[in-house]
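Accompanying notes for the structure given below.
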Amino acid sequence: MRRHAPPRKKRAQVADGPELKIDITEKRFNVLPVPLYEDLHIEVPAGQVLALVGPSGIGKSSLLRLVAGIDTDYDGTITIAGTPAKDAPPPGFVFQDSRLLPWLTAIQNIEAVNPAISRDQARAMLARVGLDGFADAFPHQLSGGMQRRVALARAFSVNSRLLLLDEPFVSLDRHLVSGLQKVLLDLMANETPTAILVTHLPDDAALLADRAIVLDGRPARVVADISFESRRGARDPQELQRLTQLLSAYSEEKAL
Ligand SMILES: Nc1ncnc2c1ncn2[C@@H]1O[C@H](COP(=O)(O)OP(=O)(O)OP(=O)(O)O)[C@@H](O)[C@H]1O
């Protein structure tokens with residue numbers, strides 16, 4: 001007997017295409033004799049963590065500012081889920097320094113970026129970054145590593161589809177870095193945001209990212225685009241070492 005095929009499920013009304021699409025024709029700073037970027041095109045699928053690496057001064061932080069819609073002075077388009085970056089909801093942003101508001105406590109710093117968050121949710125977020133019991137501490141009462149933890153908690157509390165991390169562990173001691181890497185990996189395992197991680201640490205990228213893009217030259221161009229076969233969070237020590245070595249080779253080769 002001939003069976004009827006089951007009715008086809010309706011496709012979800014979600015826009016196809018990359019979550020983040022960067023198409024920069026040209027970006028200039030007047031102080032630079034040549035453009036910072038020319039014909040720079042990067043697409044990031046939803047849920048992917050993209051590590052952005054390259055020599056100091058190449059334009060990694062500047063790119064995050066364009067994606068965040070903080071700097072709109074460029075030719076081209078950047079869209080987040082199809083919306084121009086300048087009109088998109090603000091991303092979670094971790095800056096090179098923690099940039100906590102010094103007059104607010106840890107929990108108030110979190111509430112400041114998301115007024116809709118409940119006190120319990122904000123406390124739970126602080127607990128997830130290992131700061132249970134420090135909700136009412138002011139930034140000056142926290143160590144550098146603890147301040148970075150608050151900054152991570154704050155970025156995730158924005159509840160954005162997009163997370164921008166600008167050297168989140170720069171100038172911290174090595175032993176603090178590995179603790180924070182684990183915190184970030186754990187946060188990204190649950191929330192799975194689309195993220196750009198600017199880092200000069202090859203092991204950061206090997207541990208935390210799904211893909212790495214190397215920028216080089218002036219104007220800056222993508223000189224390598226490496227998709228990692230294994231998934232972040234599921235890499236064994238050998239795989240981590242292999243990826244770290246691969247990315248270190250690029251860093252050494254490309255150091256200015
Ligand atoms: N607001 C600005 N005005 C003028 N020039 C700027 C501005 N911001 C950045 N630049 C220049 O743009 C270039 C790229 O700077 P950017 O901070 O993006 O580099 P980077 O790759 O993030 O460097 P690092 O790894 O050292 O943080 C540098 O030459 C810098 O001097």
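The chains in the structure tokens are called A, B, ... from first to last as shown; in each chain the residues are counted from 1, and the ligands are counted from 1 in the order shown.
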Write out as an mmCIF file with C-alpha atoms, in the first residue's frame the residues lying within 10 Å of region 32-44 of chain A, counting only C-alpha atoms and excluding same-chain residues fewer than 2 positions away.
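New file around_37.cif:
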data_model
loop_
_atom_site.group_PDB
_atom_site.id
_atom_site.type_symbol
_atom_site.label_atom_id
_atom_site.label_comp_id
_atom_site.auth_asym_id
_atom_site.auth_seq_id
_atom_site.Cartn_x
_atom_site.Cartn_y
_atom_site.Cartn_z
ATOM 1 C CA GLY A 17 23.269 33.692 5.632
ATOM 2 C CA PRO A 18 26.020 34.498 8.070
ATOM 3 C CA GLU A 19 25.276 35.972 11.474
ATOM 4 C CA LEU A 20 28.009 38.552 10.979
ATOM 5 C CA LYS A 21 28.965 39.859 7.561
ATOM 6 C CA ILE A 22 31.815 42.296 7.152
ATOM 7 C CA ASP A 23 32.242 43.939 3.754
ATOM 8 C CA ILE A 24 34.553 46.896 4.090
ATOM 9 C CA THR A 25 35.533 48.622 0.892
ATOM 10 C CA GLU A 26 37.804 51.050 2.677
ATOM 11 C CA LYS A 27 38.595 52.284 6.168
ATOM 12 C CA ARG A 28 41.043 55.124 6.690
ATOM 13 C CA PHE A 29 42.488 56.979 9.618
ATOM 14 C CA ASN A 30 43.862 60.379 8.642
ATOM 15 C CA ALA A 46 25.941 31.822 13.929
ATOM 16 C CA GLY A 47 27.534 30.236 16.977
ATOM 17 C CA GLN A 48 31.076 30.339 15.628
ATOM 18 C CA VAL A 49 33.937 31.712 17.714
ATOM 19 C CA LEU A 50 36.380 33.376 15.361
ATOM 20 C CA GLY A 57 48.759 47.699 15.084
ATOM 21 C CA ILE A 58 47.298 45.746 12.158
ATOM 22 C CA GLY A 59 43.734 46.803 12.974
ATOM 23 C CA SER A 62 39.587 48.864 15.186
ATOM 24 C CA LEU A 63 37.641 46.099 13.446
ATOM 25 C CA TYR A 74 34.117 53.568 6.774
ATOM 26 C CA ASP A 75 33.007 52.626 3.277
ATOM 27 C CA GLY A 76 31.139 49.356 3.041
ATOM 28 C CA THR A 77 28.626 47.434 5.097
ATOM 29 C CA ILE A 78 28.700 45.383 8.269
ATOM 30 C CA THR A 79 25.552 43.480 9.201
ATOM 31 C CA ILE A 80 24.585 41.446 12.238
ATOM 32 C CA THR A 194 28.702 34.221 17.757
ATOM 33 C CA ALA A 195 31.995 35.714 18.850
ATOM 34 C CA ILE A 196 35.166 37.406 17.694
ATOM 35 C CA ARG A 211 38.344 29.175 13.393
ATOM 36 C CA ILE A 213 41.766 34.487 10.720
ATOM 37 C CA LEU A 215 45.365 39.683 9.263
ATOM 38 C CA GLY A 217 49.764 44.004 5.587
ATOM 39 C CA ARG A 218 48.759 47.606 5.127
ATOM 40 C CA PRO A 219 45.995 47.786 4.046
ATOM 41 C CA ALA A 220 45.260 44.769 6.260
ATOM 42 C CA ARG A 221 44.077 41.673 4.440
ATOM 43 C CA VAL A 222 43.102 38.155 5.442
ATOM 44 C CA ASP A 225 41.627 31.533 7.271
#
Handout entry: For region 169-172 of chain A: contacts at 9 Å, only C-alpha atoms, fewer than 5 positions along chain excluded, given as JSON, numbers by chain
Key = {"A": [96, 97, 144, 145, 148, 177, 180, 181, 199, 200, 201]}
Problem - d(CA of Ser143 (chain A), CA of Pro202 (chain A)) in Å - result: 25.0 Å
Practice task
Write out as a PyMOL selection string each polymer residue whose atoms come within 6 Å of Pro91 (chain A), counting only C-alpha atoms; drop sequence neighbours fewer than 5 positions from it.
Solution key: chain A and resi 160+162-163
Exercise for the section: Looking only at helix (DSSP H, G or I) from DSSP on the backbone, list the matching residues of region 188-237 of chain A as a count of residues only. Expected result: 12
Handout entry: Shortest interatomic distance to ligand 1 - which of A:Ala124, A:Met146, A:Leu52, A:Val94, counting only C-alpha atoms and all ligand atoms
Key =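 For ligand 1, the nearest of the given residues is A:Leu52.
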